[in-house]
$ cat my_file.pdb   # PDB, C-alpha atoms and all ligand atoms
ATOM      1  CA  MET A   1      64.976 -51.876  84.588
ATOM      2  CA  ASP A   2      63.944 -50.765  81.099
ATOM      3  CA  PRO A   3      61.840 -47.537  81.395
ATOM      4  CA  ASN A   4      58.806 -49.190  79.740
ATOM      5  CA  GLU A   5      58.987 -52.081  82.213
ATOM      6  CA  SER A   6      59.175 -49.681  85.176
ATOM      7  CA  VAL A   7      56.077 -47.837  83.961
ATOM      8  CA  GLU A   8      54.219 -51.089  83.301
ATOM      9  CA  ALA A   9      55.169 -52.408  86.753
ATOM     10  CA  TYR A  10      53.876 -49.188  88.343
ATOM     11  CA  TYR A  11      50.448 -49.424  86.686
ATOM     12  CA  THR A  12      49.931 -53.197  86.808
ATOM     13  CA  VAL A  13      47.356 -54.375  89.379
ATOM     14  CA  ASN A  14      47.195 -58.064  88.293
ATOM     15  CA  THR A  15      43.563 -58.613  89.298
ATOM     16  CA  LEU A  16      41.966 -55.531  87.764
ATOM     17  CA  GLY A  17      39.616 -57.320  85.360
ATOM     18  CA  GLN A  18      38.191 -59.512  88.122
ATOM     19  CA  SER A  19      37.801 -56.544  90.495
ATOM     20  CA  ILE A  20      35.876 -54.593  87.871
ATOM     21  CA  LEU A  21      33.586 -57.536  87.083
ATOM     22  CA  TYR A  22      32.964 -58.013  90.822
ATOM     23  CA  ALA A  23      32.174 -54.284  91.240
ATOM     24  CA  LEU A  24      29.737 -54.378  88.312
ATOM     25  CA  ARG A  25      27.972 -57.394  89.854
ATOM     26  CA  THR A  26      27.822 -55.591  93.234
ATOM     27  CA  LEU A  27      26.139 -52.657  91.504
ATOM     28  CA  GLY A  28      23.642 -54.994  89.840
ATOM     29  CA  LYS A  29      24.913 -54.049  86.380
ATOM     30  CA  ASP A  30      24.022 -56.849  84.030
ATOM     31  CA  ALA A  31      26.888 -57.469  81.593
ATOM     32  CA  GLY A  32      24.392 -57.765  78.727
ATOM     33  CA  GLU A  33      22.888 -54.338  79.395
ATOM     34  CA  LEU A  34      26.032 -52.432  80.274
ATOM     35  CA  THR A  35      26.640 -49.095  78.499
ATOM     36  CA  VAL A  36      29.754 -47.046  77.794
ATOM     37  CA  ASP A  37      28.496 -44.496  80.351
ATOM     38  CA  ASP A  38      28.294 -47.161  83.089
ATOM     39  CA  LEU A  39      32.079 -47.604  82.830
ATOM     40  CA  ALA A  40      32.993 -43.903  83.141
ATOM     41  CA  PRO A  41      33.759 -44.067  86.906
ATOM     42  CA  ILE A  42      36.636 -46.478  86.238
ATOM     43  CA  ASP A  43      37.851 -45.965  82.669
ATOM     44  CA  GLN A  44      38.744 -42.233  82.636
ATOM     45  CA  PHE A  45      42.143 -42.068  84.323
ATOM     46  CA  HIS A  46      42.726 -38.317  84.027
ATOM     47  CA  ILE A  47      41.721 -35.063  85.729
ATOM     48  CA  ARG A  48      37.997 -34.188  85.347
ATOM     49  CA  GLY A  49      37.220 -37.641  83.888
ATOM     50  CA  ARG A  50      34.572 -37.833  81.179
ATOM     51  CA  MET A  51      34.045 -34.041  81.203
ATOM     52  CA  ALA A  52      37.595 -33.410  79.949
ATOM     53  CA  THR A  53      37.273 -36.158  77.334
ATOM     54  CA  ARG A  54      34.064 -34.553  76.054
ATOM     55  CA  GLU A  55      35.703 -31.097  75.906
ATOM     56  CA  LEU A  56      38.718 -32.381  73.992
ATOM     57  CA  ALA A  57      36.499 -34.332  71.601
ATOM     58  CA  GLY A  58      34.572 -31.103  70.973
ATOM     59  CA  ILE A  59      37.643 -29.374  69.546
ATOM     60  CA  ALA A  60      39.310 -32.374  67.865
ATOM     61  CA  ASP A  61      37.171 -32.359  64.684
ATOM     62  CA  ILE A  62      36.406 -36.100  64.530
ATOM     63  CA  ALA A  63      34.319 -37.617  61.734
ATOM     64  CA  ALA A  64      32.714 -41.047  61.335
ATOM     65  CA  ASP A  65      35.422 -42.086  58.887
ATOM     66  CA  SER A  66      38.295 -40.849  61.088
ATOM     67  CA  GLU A  67      40.926 -43.426  61.959
ATOM     68  CA  VAL A  68      41.926 -42.530  65.538
ATOM     69  CA  LEU A  69      44.863 -43.693  67.683
ATOM     70  CA  ASP A  70      44.691 -43.243  71.479
ATOM     71  CA  VAL A  71      48.306 -43.346  72.710
ATOM     72  CA  GLY A  72      48.525 -44.536  76.322
ATOM     73  CA  CYS A  73      44.856 -45.524  76.193
ATOM     74  CA  GLY A  74      44.683 -46.987  79.704
ATOM     75  CA  LEU A  75      41.424 -48.913  80.151
ATOM     76  CA  GLY A  76      40.078 -47.575  76.850
ATOM     77  CA  GLY A  77      37.449 -45.172  78.195
ATOM     78  CA  SER A  78      38.281 -42.365  75.781
ATOM     79  CA  ALA A  79      38.497 -44.820  72.881
ATOM     80  CA  ARG A  80      34.984 -46.148  73.603
ATOM     81  CA  TYR A  81      33.605 -42.637  74.108
ATOM     82  CA  LEU A  82      34.988 -41.417  70.754
ATOM     83  CA  ALA A  83      33.856 -44.516  68.838
ATOM     84  CA  SER A  84      30.355 -44.389  70.322
ATOM     85  CA  GLU A  85      29.905 -40.606  69.910
ATOM     86  CA  PHE A  86      31.377 -40.144  66.443
ATOM     87  CA  GLY A  87      31.145 -43.607  64.851
ATOM     88  CA  CYS A  88      34.904 -43.588  64.172
ATOM     89  CA  HIS A  89      37.304 -46.499  64.634
ATOM     90  CA  VAL A  90      39.762 -46.170  67.531
ATOM     91  CA  THR A  91      42.960 -48.117  68.148
ATOM     92  CA  GLY A  92      44.357 -47.925  71.678
ATOM     93  CA  LEU A  93      48.055 -48.437  72.393
ATOM     94  CA  ASP A  94      49.404 -48.908  75.906
ATOM     95  CA  VAL A  95      52.621 -50.132  77.484
ATOM     96  CA  THR A  96      50.693 -51.799  80.342
ATOM     97  CA  ARG A  97      49.527 -55.196  79.073
ATOM     98  CA  GLU A  98      46.928 -55.656  81.803
ATOM     99  CA  TYR A  99      45.264 -52.354  80.800
ATOM    100  CA  CYS A 100      45.082 -53.506  77.157
ATOM    101  CA  ASP A 101      43.502 -56.801  78.253
ATOM    102  CA  VAL A 102      40.977 -55.051  80.515
ATOM    103  CA  ALA A 103      40.220 -52.453  77.808
ATOM    104  CA  THR A 104      39.495 -55.317  75.384
ATOM    105  CA  MET A 105      37.260 -57.021  77.955
ATOM    106  CA  LEU A 106      35.325 -53.808  78.675
ATOM    107  CA  SER A 107      34.812 -53.071  74.970
ATOM    108  CA  SER A 108      33.540 -56.595  74.503
ATOM    109  CA  LEU A 109      31.106 -56.203  77.448
ATOM    110  CA  VAL A 110      29.527 -53.154  75.763
ATOM    111  CA  GLY A 111      29.547 -54.688  72.261
ATOM    112  CA  MET A 112      32.305 -52.450  70.877
ATOM    113  CA  ASP A 113      34.855 -55.028  69.683
ATOM    114  CA  GLY A 114      34.323 -53.877  66.116
ATOM    115  CA  SER A 115      34.911 -50.157  66.644
ATOM    116  CA  THR A 116      37.789 -50.305  69.158
ATOM    117  CA  ARG A 117      40.893 -52.453  69.443
ATOM    118  CA  PHE A 118      43.742 -52.378  71.930
ATOM    119  CA  GLN A 119      47.362 -53.213  71.400
ATOM    120  CA  HIS A 120      50.218 -53.617  73.834
ATOM    121  CA  GLY A 121      53.292 -51.556  72.916
ATOM    122  CA  SER A 122      55.418 -48.499  73.531
ATOM    123  CA  ALA A 123      54.616 -44.986  72.391
ATOM    124  CA  LEU A 124      58.305 -44.630  71.547
ATOM    125  CA  ALA A 125      58.235 -47.475  68.985
ATOM    126  CA  MET A 126      54.646 -47.701  67.837
ATOM    127  CA  PRO A 127      53.719 -50.932  66.044
ATOM    128  CA  PHE A 128      51.995 -49.036  63.208
ATOM    129  CA  GLU A 129      52.842 -48.059  59.631
ATOM    130  CA  SER A 130      53.658 -44.417  58.932
ATOM    131  CA  ASP A 131      50.739 -42.198  57.716
ATOM    132  CA  SER A 132      48.070 -44.449  59.312
ATOM    133  CA  PHE A 133      45.864 -42.165  61.436
ATOM    134  CA  ASP A 134      43.766 -39.026  60.929
ATOM    135  CA  LEU A 135      43.924 -38.184  64.618
ATOM    136  CA  VAL A 136      46.224 -39.126  67.469
ATOM    137  CA  TRP A 137      44.628 -38.644  70.887
ATOM    138  CA  THR A 138      46.572 -38.691  74.163
ATOM    139  CA  GLU A 139      45.602 -37.902  77.751
ATOM    140  CA  HIS A 140      48.017 -37.841  80.695
ATOM    141  CA  VAL A 141      50.693 -40.086  79.172
ATOM    142  CA  GLN A 142      53.784 -38.058  78.252
ATOM    143  CA  MET A 143      54.486 -37.347  81.952
ATOM    144  CA  ASN A 144      55.776 -40.952  82.134
ATOM    145  CA  ILE A 145      58.086 -40.510  79.128
ATOM    146  CA  GLU A 146      61.557 -38.961  79.329
ATOM    147  CA  ASP A 147      62.205 -38.860  75.587
ATOM    148  CA  LYS A 148      59.640 -36.182  74.687
ATOM    149  CA  ARG A 149      61.055 -35.598  71.218
ATOM    150  CA  GLY A 150      60.863 -39.348  70.514
ATOM    151  CA  PHE A 151      57.238 -39.411  71.689
ATOM    152  CA  TYR A 152      56.063 -36.541  69.462
ATOM    153  CA  SER A 153      58.203 -37.744  66.519
ATOM    154  CA  GLU A 154      56.444 -41.111  66.652
ATOM    155  CA  ILE A 155      53.073 -39.351  66.722
ATOM    156  CA  ALA A 156      54.105 -37.262  63.694
ATOM    157  CA  ARG A 157      55.247 -40.414  61.889
ATOM    158  CA  VAL A 158      51.976 -42.353  62.287
ATOM    159  CA  LEU A 159      49.777 -39.342  61.437
ATOM    160  CA  LYS A 160      48.587 -38.969  57.852
ATOM    161  CA  PRO A 161      49.768 -35.715  56.225
ATOM    162  CA  GLY A 162      47.741 -32.867  57.743
ATOM    163  CA  GLY A 163      46.567 -35.129  60.591
ATOM    164  CA  ARG A 164      45.878 -33.775  64.071
ATOM    165  CA  LEU A 165      47.093 -34.426  67.609
ATOM    166  CA  ALA A 166      44.554 -33.867  70.417
ATOM    167  CA  PHE A 167      46.102 -33.814  73.894
ATOM    168  CA  HIS A 168      45.117 -33.342  77.522
ATOM    169  CA  ASP A 169      48.282 -33.059  79.569
ATOM    170  CA  ILE A 170      49.965 -32.013  82.760
ATOM    171  CA  PHE A 171      53.016 -29.718  82.606
ATOM    172  CA  ARG A 172      55.639 -28.387  84.991
ATOM    173  CA  GLY A 173      54.396 -25.105  86.462
ATOM    174  CA  PRO A 174      56.537 -22.098  87.433
ATOM    175  CA  ALA A 175      56.105 -22.433  91.225
ATOM    176  CA  GLY A 176      58.438 -25.324  92.068
ATOM    177  CA  ALA A 177      58.584 -29.114  92.104
ATOM    178  CA  ILE A 178      55.682 -31.495  92.689
ATOM    179  CA  GLU A 179      55.577 -33.950  95.563
ATOM    180  CA  PHE A 180      55.147 -37.705  95.224
ATOM    181  CA  PRO A 181      53.181 -39.903  94.956
ATOM    182  CA  VAL A 182      51.025 -38.550  92.113
ATOM    183  CA  PRO A 183      48.597 -40.600  89.995
ATOM    184  CA  TRP A 184      51.193 -41.358  87.278
ATOM    185  CA  ALA A 185      54.195 -42.078  89.524
ATOM    186  CA  GLY A 186      54.989 -43.277  93.034
ATOM    187  CA  GLU A 187      58.298 -41.447  92.880
ATOM    188  CA  GLN A 188      60.536 -39.328  90.651
ATOM    189  CA  SER A 189      62.131 -42.094  88.550
ATOM    190  CA  ILE A 190      59.145 -42.496  86.158
ATOM    191  CA  SER A 191      57.955 -38.877  86.161
ATOM    192  CA  PHE A 192      59.180 -36.360  83.572
ATOM    193  CA  LEU A 193      57.253 -33.110  83.628
ATOM    194  CA  MET A 194      58.120 -30.649  80.872
ATOM    195  CA  SER A 195      56.975 -27.044  80.669
ATOM    196  CA  GLU A 196      54.348 -25.818  78.209
ATOM    197  CA  ALA A 197      57.143 -23.862  76.477
ATOM    198  CA  ASP A 198      59.049 -27.145  75.978
ATOM    199  CA  LEU A 199      56.082 -28.659  74.161
ATOM    200  CA  ARG A 200      55.575 -25.574  71.996
ATOM    201  CA  ARG A 201      59.260 -25.758  70.998
ATOM    202  CA  ILE A 202      59.166 -29.474  70.175
ATOM    203  CA  ALA A 203      55.913 -29.036  68.247
ATOM    204  CA  ALA A 204      57.397 -26.252  66.107
ATOM    205  CA  ASP A 205      60.551 -28.305  65.415
ATOM    206  CA  LEU A 206      58.400 -31.256  64.269
ATOM    207  CA  ASP A 207      56.198 -29.149  61.950
ATOM    208  CA  PHE A 208      53.092 -29.120  64.119
ATOM    209  CA  SER A 209      51.020 -25.945  64.127
ATOM    210  CA  ILE A 210      48.890 -25.188  67.155
ATOM    211  CA  LEU A 211      45.160 -24.997  66.430
ATOM    212  CA  SER A 212      43.968 -24.758  70.037
ATOM    213  CA  TRP A 213      45.725 -24.334  73.413
ATOM    214  CA  GLY A 214      43.273 -24.231  76.320
ATOM    215  CA  ASP A 215      44.547 -23.681  79.845
ATOM    216  CA  VAL A 216      42.293 -25.818  82.079
ATOM    217  CA  THR A 217      44.438 -25.499  85.213
ATOM    218  CA  GLU A 218      41.764 -23.633  87.159
ATOM    219  CA  ALA A 219      38.988 -26.034  86.183
ATOM    220  CA  SER A 220      41.317 -28.885  87.177
ATOM    221  CA  SER A 221      42.014 -27.289  90.542
ATOM    222  CA  GLU A 222      38.271 -26.857  91.168
ATOM    223  CA  PHE A 223      37.785 -30.537  90.332
ATOM    224  CA  PHE A 224      40.197 -31.550  93.101
ATOM    225  CA  GLN A 225      38.685 -29.100  95.582
ATOM    226  CA  ARG A 226      35.234 -30.581  94.886
ATOM    227  CA  ARG A 227      36.270 -34.236  94.871
ATOM    228  CA  LEU A 228      38.800 -34.430  97.702
ATOM    229  CA  PRO A 229      36.524 -33.749 100.706
ATOM    230  CA  ALA A 230      34.169 -36.553  99.617
ATOM    231  CA  MET A 231      37.073 -38.906  98.953
ATOM    232  CA  GLU A 232      38.538 -38.183 102.380
ATOM    233  CA  SER A 233      35.299 -38.632 104.300
ATOM    234  CA  ARG A 234      33.925 -41.941 102.959
ATOM    235  CA  PRO A 235      35.088 -45.164 101.366
ATOM    236  CA  PRO A 236      35.105 -45.262  97.571
ATOM    237  CA  PRO A 237      32.069 -46.640  95.713
ATOM    238  CA  PRO A 238      32.474 -50.183  94.295
ATOM    239  CA  LEU A 239      33.331 -49.032  90.758
ATOM    240  CA  ASP A 240      35.951 -46.330  91.221
ATOM    241  CA  LEU A 241      39.464 -45.386  90.167
ATOM    242  CA  ALA A 242      40.475 -46.614  93.621
ATOM    243  CA  LEU A 243      40.624 -50.083  91.991
ATOM    244  CA  VAL A 244      43.268 -48.748  89.603
ATOM    245  CA  MET A 245      45.182 -46.342  91.855
ATOM    246  CA  GLY A 246      45.671 -48.487  94.923
ATOM    247  CA  ALA A 247      45.917 -47.822  98.656
ATOM    248  CA  ASP A 248      47.728 -44.470  98.382
ATOM    249  CA  ARG A 249      45.180 -42.970  95.973
ATOM    250  CA  LEU A 250      44.267 -40.186  98.441
ATOM    251  CA  ALA A 251      47.888 -39.047  98.739
ATOM    252  CA  LYS A 252      48.183 -39.132  94.933
ATOM    253  CA  PHE A 253      45.065 -36.992  94.494
ATOM    254  CA  ARG A 254      46.049 -34.600  97.294
ATOM    255  CA  ASN A 255      49.572 -34.042  95.945
ATOM    256  CA  LEU A 256      48.369 -33.416  92.403
ATOM    257  CA  GLY A 257      45.505 -31.211  93.611
ATOM    258  CA  GLN A 258      47.932 -29.101  95.629
ATOM    259  CA  ALA A 259      50.449 -28.883  92.793
ATOM    260  CA  VAL A 260      47.739 -27.676  90.411
ATOM    261  CA  ALA A 261      46.334 -25.199  92.960
ATOM    262  CA  GLU A 262      49.788 -23.743  93.721
ATOM    263  CA  GLY A 263      51.078 -23.389  90.161
ATOM    264  CA  ARG A 264      53.556 -26.270  90.385
ATOM    265  CA  ALA A 265      51.627 -28.070  87.630
ATOM    266  CA  THR A 266      49.508 -26.699  84.782
ATOM    267  CA  VAL A 267      46.935 -28.534  82.668
ATOM    268  CA  VAL A 268      46.228 -27.972  78.981
ATOM    269  CA  LEU A 269      43.684 -29.294  76.460
ATOM    270  CA  GLY A 270      44.985 -28.676  72.962
ATOM    271  CA  VAL A 271      44.949 -29.614  69.304
ATOM    272  CA  MET A 272      47.828 -29.405  66.818
ATOM    273  CA  GLN A 273      47.983 -30.132  63.132
ATOM    274  CA  HIS A 274      50.918 -31.810  61.478
ATOM    275  CA  ALA A 275      52.262 -30.446  58.207
ATOM    276  CA  ALA A 276      50.433 -31.654  55.089
TER     277      ALA A 276
HETATM  278  C1  LIG B   1      47.429 -41.819  83.824
HETATM  279  S1  LIG B   1      47.191 -43.148  82.713
HETATM  280  C2  LIG B   1      46.093 -42.413  81.507
HETATM  281  C3  LIG B   1      45.308 -43.463  80.740
HETATM  282  C4  LIG B   1      44.320 -42.936  79.713
HETATM  283  N1  LIG B   1      44.978 -42.084  78.746
HETATM  284  C5  LIG B   1      43.211 -42.179  80.384
HETATM  285  O1  LIG B   1      43.237 -40.948  80.335
HETATM  286  O2  LIG B   1      42.311 -42.818  80.965
HETATM  287  C6  LIG B   1      48.754 -43.172  81.807
HETATM  288  C7  LIG B   1      48.818 -44.303  80.804
HETATM  289  O3  LIG B   1      49.936 -44.113  79.951
HETATM  290  C8  LIG B   1      50.494 -45.378  79.683
HETATM  291  N2  LIG B   1      51.891 -45.170  79.252
HETATM  292  C9  LIG B   1      52.893 -44.588  79.952
HETATM  293  N3  LIG B   1      54.030 -44.602  79.252
HETATM  294  C10 LIG B   1      53.760 -45.196  78.068
HETATM  295  C11 LIG B   1      54.521 -45.520  76.911
HETATM  296  N4  LIG B   1      55.842 -45.254  76.832
HETATM  297  N5  LIG B   1      53.915 -46.123  75.867
HETATM  298  C12 LIG B   1      52.591 -46.419  75.922
HETATM  299  N6  LIG B   1      51.808 -46.159  77.010
HETATM  300  C13 LIG B   1      52.386 -45.556  78.059
HETATM  301  C14 LIG B   1      50.356 -46.109  80.994
HETATM  302  O4  LIG B   1      50.495 -47.504  80.858
HETATM  303  C15 LIG B   1      48.958 -45.682  81.421
HETATM  304  O5  LIG B   1      47.975 -46.517  80.901
END

$ encode --input "my_file.pdb" --output "structure tokens"
Amino acid sequence: MDPNESVEAYYTVNTLGQSILYALRTLGKDAGELTVDDLAPIDQFHIRGRMATRELAGIADIAADSEVLDVGCGLGGSARYLASEFGCHVTGLDVTREYCDVATMLSSLVGMDGSTRFQHGSALAMPFESDSFDLVWTEHVQMNIEDKRGFYSEIARVLKPGGRLAFHDIFRGPAGAIEFPVPWAGEQSISFLMSEADLRRIAADLDFSILSWGDVTEASSEFFQRRLPAMESRPPPPLDLALVMGADRLAKFRNLGQAVAEGRATVVLGVMQHAA
């Protein structure tokens, strides 16, 4: 199977939009009064959820006239957060068609069709002109992509000269291999963890300079230690990433939590600038 198809098959739920609408009704959330914040329990598919998105946004230097691309946007939570906080326009790109459809539906429910748009496509062949974006944003996506150089080359291509890349990513740690399943992969064939040194090397080769490199491994580990006991002791609330992650979500969380705690995975929030 083509690597993009394998990744899309892994993430596709098929009934996600209906499940989310049902959960919102169960919670008594009226579609007409829904806010971006109401969706945070489901639309932030990365460690530390909205908190990490807010931290990355704080160092990404986003302005109201920024044209932003969220690569691997998932359900569009970060895109909606950035557009609502900064007044910028955000395009989301994702290889999972169902996620793009649900992201479009959720933006429409909160009246953000004008400031966000979502497009189905691969990060390795982005359907955008060169020099299109002031900022490329990506959270927890490159772990699914084997061709790292291709991924960052495409980002460099679509960035305007001097544009920035803001990333929140998981890397291979020094203490050994991770165990599966993890949130981004049920098994090894769609998981490609590189080391932080690998990214620094690729970035230098592609004329990116590092503006910020924040190790958030410990904060990520604390997140799992806080969240896991609650997840293990009671069923998930109606609107929860459980709808996205499926029946083995606890094993996925446990394995990633352990890998982060034991130095088999590290987590970084960073910003790079491409050459002018
Ligand atoms: C763990 S989710 C993170 C989603 C979102 N960034 C977030 O933080 O909520 C990983 C996402 O990357 C997308 N993805 C993986 N490989 C991709 C590729 N080659 N091109 C575009 N999207 C990709 C998946 O479809 C999925 O939506």

$ residues_near_ligand --input "my_file.pdb" --ligand "ligand LIG 1 (chain B)" --cutoff "8 Å" --atoms "all atoms listed in the file" --output "PyMOL selection string"
chain A and resi 3-4+7-8+11+43-46+49+70-78+93-97+99+120-124+138-145+151+183-184

$ resolve_selection --input "my_file.pdb" --expression "the PyMOL selection byres (((chain A and resi 87) around 12) and not hetatm)" --output "list in words"
Ile62, Ala63, Ala64, Asp65, Ser66, Glu67, Val68, Ala79, Arg80, Tyr81, Leu82, Ala83, Ser84, Glu85, Phe86, Cys88, His89, Val90, Met112, Gly114, Ser115 and Thr116 of chain A

$ closest_residue --input "my_file.pdb" --among "A:Trp137, A:Phe128, A:Phe171, A:Trp213" --to "Ala57 of chain A" --atoms "all atoms listed in the file"
A:Trp137

$ residues_around --input "my_file.pdb" --residues "Ala275 of chain A" --least-positions-apart "6" --cutoff "8 Å" --atoms "all atoms listed in the file" --output "number ranges by chain"
A: 161-163, 207-209

$ resolve_selection --input "my_file.pdb" --expression "the PyMOL selection byres (((chain A and resi 193) around 7) and not hetatm)" --output "compact mmCIF listing (two decimals) with C-alpha atoms, in the frame of the given file"
# COMPACT_ATOMS: atom_id res chain seq x y z
CA MET A 143 54.49 -37.35 81.95
CA PHE A 171 53.02 -29.72 82.61
CA ARG A 172 55.64 -28.39 84.99
CA SER A 191 57.96 -38.88 86.16
CA PHE A 192 59.18 -36.36 83.57
CA MET A 194 58.12 -30.65 80.87
CA SER A 195 56.98 -27.04 80.67

$ residues_around --input "my_file.pdb" --residues "Ser153 of chain A" --least-positions-apart "5" --cutoff "12 Å" --atoms "only C-alpha atoms" --output "list in words"
Ala123, Leu124, Ala125, Met126, Ser130, Asp147, Lys148, Val158, Leu159, Leu165, Ile202, Ala203, Ala204, Asp205, Leu206, Asp207, Phe208 and His274 of chain A

$ write_last_selection --input "my_file.pdb" --atoms "C-alpha atoms" --output "compact mmCIF listing (two decimals), keeping the file's coordinate frame"
# COMPACT_ATOMS: atom_id res chain seq x y z
CA ALA A 123 54.62 -44.99 72.39
CA LEU A 124 58.30 -44.63 71.55
CA ALA A 125 58.24 -47.48 68.98
CA MET A 126 54.65 -47.70 67.84
CA SER A 130 53.66 -44.42 58.93
CA ASP A 147 62.20 -38.86 75.59
CA LYS A 148 59.64 -36.18 74.69
CA VAL A 158 51.98 -42.35 62.29
CA LEU A 159 49.78 -39.34 61.44
CA LEU A 165 47.09 -34.43 67.61
CA ILE A 202 59.17 -29.47 70.18
CA ALA A 203 55.91 -29.04 68.25
CA ALA A 204 57.40 -26.25 66.11
CA ASP A 205 60.55 -28.30 65.42
CA LEU A 206 58.40 -31.26 64.27
CA ASP A 207 56.20 -29.15 61.95
CA PHE A 208 53.09 -29.12 64.12
CA HIS A 274 50.92 -31.81 61.48

$ atom_distance --input "my_file.pdb" --atom1 "atom CA of Val136 of chain A" --atom2 "atom CA of Val268 of chain A"
16.0 Å

$ resolve_selection --input "my_file.pdb" --expression "the PyMOL selection byres (((chain A and resi 228) around 12) and not hetatm)" --output "list in words"
Ser221, Glu222, Phe223, Phe224, Gln225, Arg226, Arg227, Pro229, Ala230, Met231, Glu232, Ser233, Arg234, Pro235, Pro236, Arg249, Leu250, Ala251, Lys252, Phe253, Arg254, Asn255, Leu256, Gly257 and Gln258 of chain A

$ atom_distance --input "my_file.pdb" --atom1 "atom CA of Val36 of chain A" --atom2 "atom CA of Ala247 of chain A"
26.4 Å

$ axis_aligned_box --input "my_file.pdb" --around "segment 259-266 of chain A" --padding-each-side "4 Å" --output "JSON"
{"center_x": 49.9, "center_y": -26.1, "center_z": 89.3, "size_x": 15.2, "size_y": 13.5, "size_z": 16.9}

$ residues_around --input "my_file.pdb" --residues "Pro238 of chain A" --least-positions-apart "2" --cutoff "8 Å" --atoms "all atoms listed in the file" --output "mmCIF file with C-alpha atoms, in the frame of the given file"
data_model
loop_
_atom_site.group_PDB
_atom_site.id
_atom_site.type_symbol
_atom_site.label_atom_id
_atom_site.label_comp_id
_atom_site.auth_asym_id
_atom_site.auth_seq_id
_atom_site.Cartn_x
_atom_site.Cartn_y
_atom_site.Cartn_z
ATOM 1 C CA ALA A 23 32.174 -54.284 91.240
ATOM 2 C CA LEU A 24 29.737 -54.378 88.312
ATOM 3 C CA THR A 26 27.822 -55.591 93.234
ATOM 4 C CA LEU A 27 26.139 -52.657 91.504
ATOM 5 C CA PRO A 236 35.105 -45.262 97.571
ATOM 6 C CA ASP A 240 35.951 -46.330 91.221
#

$ residues_around --input "my_file.pdb" --residues "Leu16 of chain A" --least-positions-apart "4" --cutoff "12 Å" --atoms "all atoms listed in the file" --output "PyMOL selection string"
chain A and resi 11-12+20-23+42-43+75+97-103+105-106+239-246

$ atom_distance --input "my_file.pdb" --atom1 "atom CA of Thr35 of chain A" --atom2 "atom CA of Gly270 of chain A"
28.0 Å

$ closest_residue --input "my_file.pdb" --among "A:Ile190, A:Ala197, A:Leu269, A:Val260" --to "Ser6 of chain A" --atoms "only C-alpha atoms"
A:Ile190

$ closest_residue --input "my_file.pdb" --among "A:Ser189, A:Thr217, A:Gln273, A:Asn14" --to "Asp61 of chain A" --atoms "all atoms listed in the file"
A:Gln273

$ closest_residue --input "my_file.pdb" --among "A:Ala156, A:Thr91, A:Gly111, A:Glu5" --to "Ala276 of chain A" --atoms "only C-alpha atoms"
A:Ala156

$ closest_residue --input "my_file.pdb" --among "A:Asp131, A:Glu179, A:Asp198, A:Asp169" --to "Thr266 of chain A" --atoms "only C-alpha atoms"
A:Asp169

$ closest_residue --input "my_file.pdb" --among "A:Gly263, A:Thr53, A:Leu34, A:Pro41" --to "Ala175 of chain A" --atoms "all atoms listed in the file"
A:Gly263

$ build_atoms --input "my_file.pdb" --residues "segment 55-66 of chain A" --atoms "N, CA and C atoms" --output "compact mmCIF listing (two decimals), keeping the file's coordinate frame"
# COMPACT_ATOMS: atom_id res chain seq x y z
N GLU A 55 35.21 -32.41 76.36
CA GLU A 55 35.70 -31.10 75.91
C GLU A 55 36.75 -31.25 74.80
N LEU A 56 37.67 -32.20 75.00
CA LEU A 56 38.72 -32.38 73.99
C LEU A 56 38.11 -32.89 72.68
N ALA A 57 37.16 -33.81 72.80
CA ALA A 57 36.50 -34.33 71.60
C ALA A 57 35.80 -33.20 70.84
N GLY A 58 35.30 -32.22 71.59
CA GLY A 58 34.57 -31.10 70.97
C GLY A 58 35.45 -30.21 70.11
N ILE A 59 36.76 -30.22 70.35
CA ILE A 59 37.64 -29.37 69.55
C ILE A 59 38.54 -30.19 68.62
N ALA A 60 38.36 -31.52 68.61
CA ALA A 60 39.31 -32.37 67.86
C ALA A 60 38.89 -32.63 66.41
N ASP A 61 37.65 -32.24 66.06
CA ASP A 61 37.17 -32.36 64.68
C ASP A 61 37.22 -33.82 64.19
N ILE A 62 36.42 -34.66 64.82
CA ILE A 62 36.41 -36.10 64.53
C ILE A 62 35.20 -36.42 63.65
N ALA A 63 35.41 -37.22 62.63
CA ALA A 63 34.32 -37.62 61.73
C ALA A 63 34.13 -39.13 61.81
N ALA A 64 33.02 -39.61 61.27
CA ALA A 64 32.71 -41.05 61.34
C ALA A 64 33.79 -41.87 60.63
N ASP A 65 34.41 -41.29 59.60
CA ASP A 65 35.42 -42.09 58.89
C ASP A 65 36.85 -41.81 59.40
N SER A 66 36.96 -41.11 60.53
CA SER A 66 38.30 -40.85 61.09
C SER A 66 38.90 -42.14 61.64
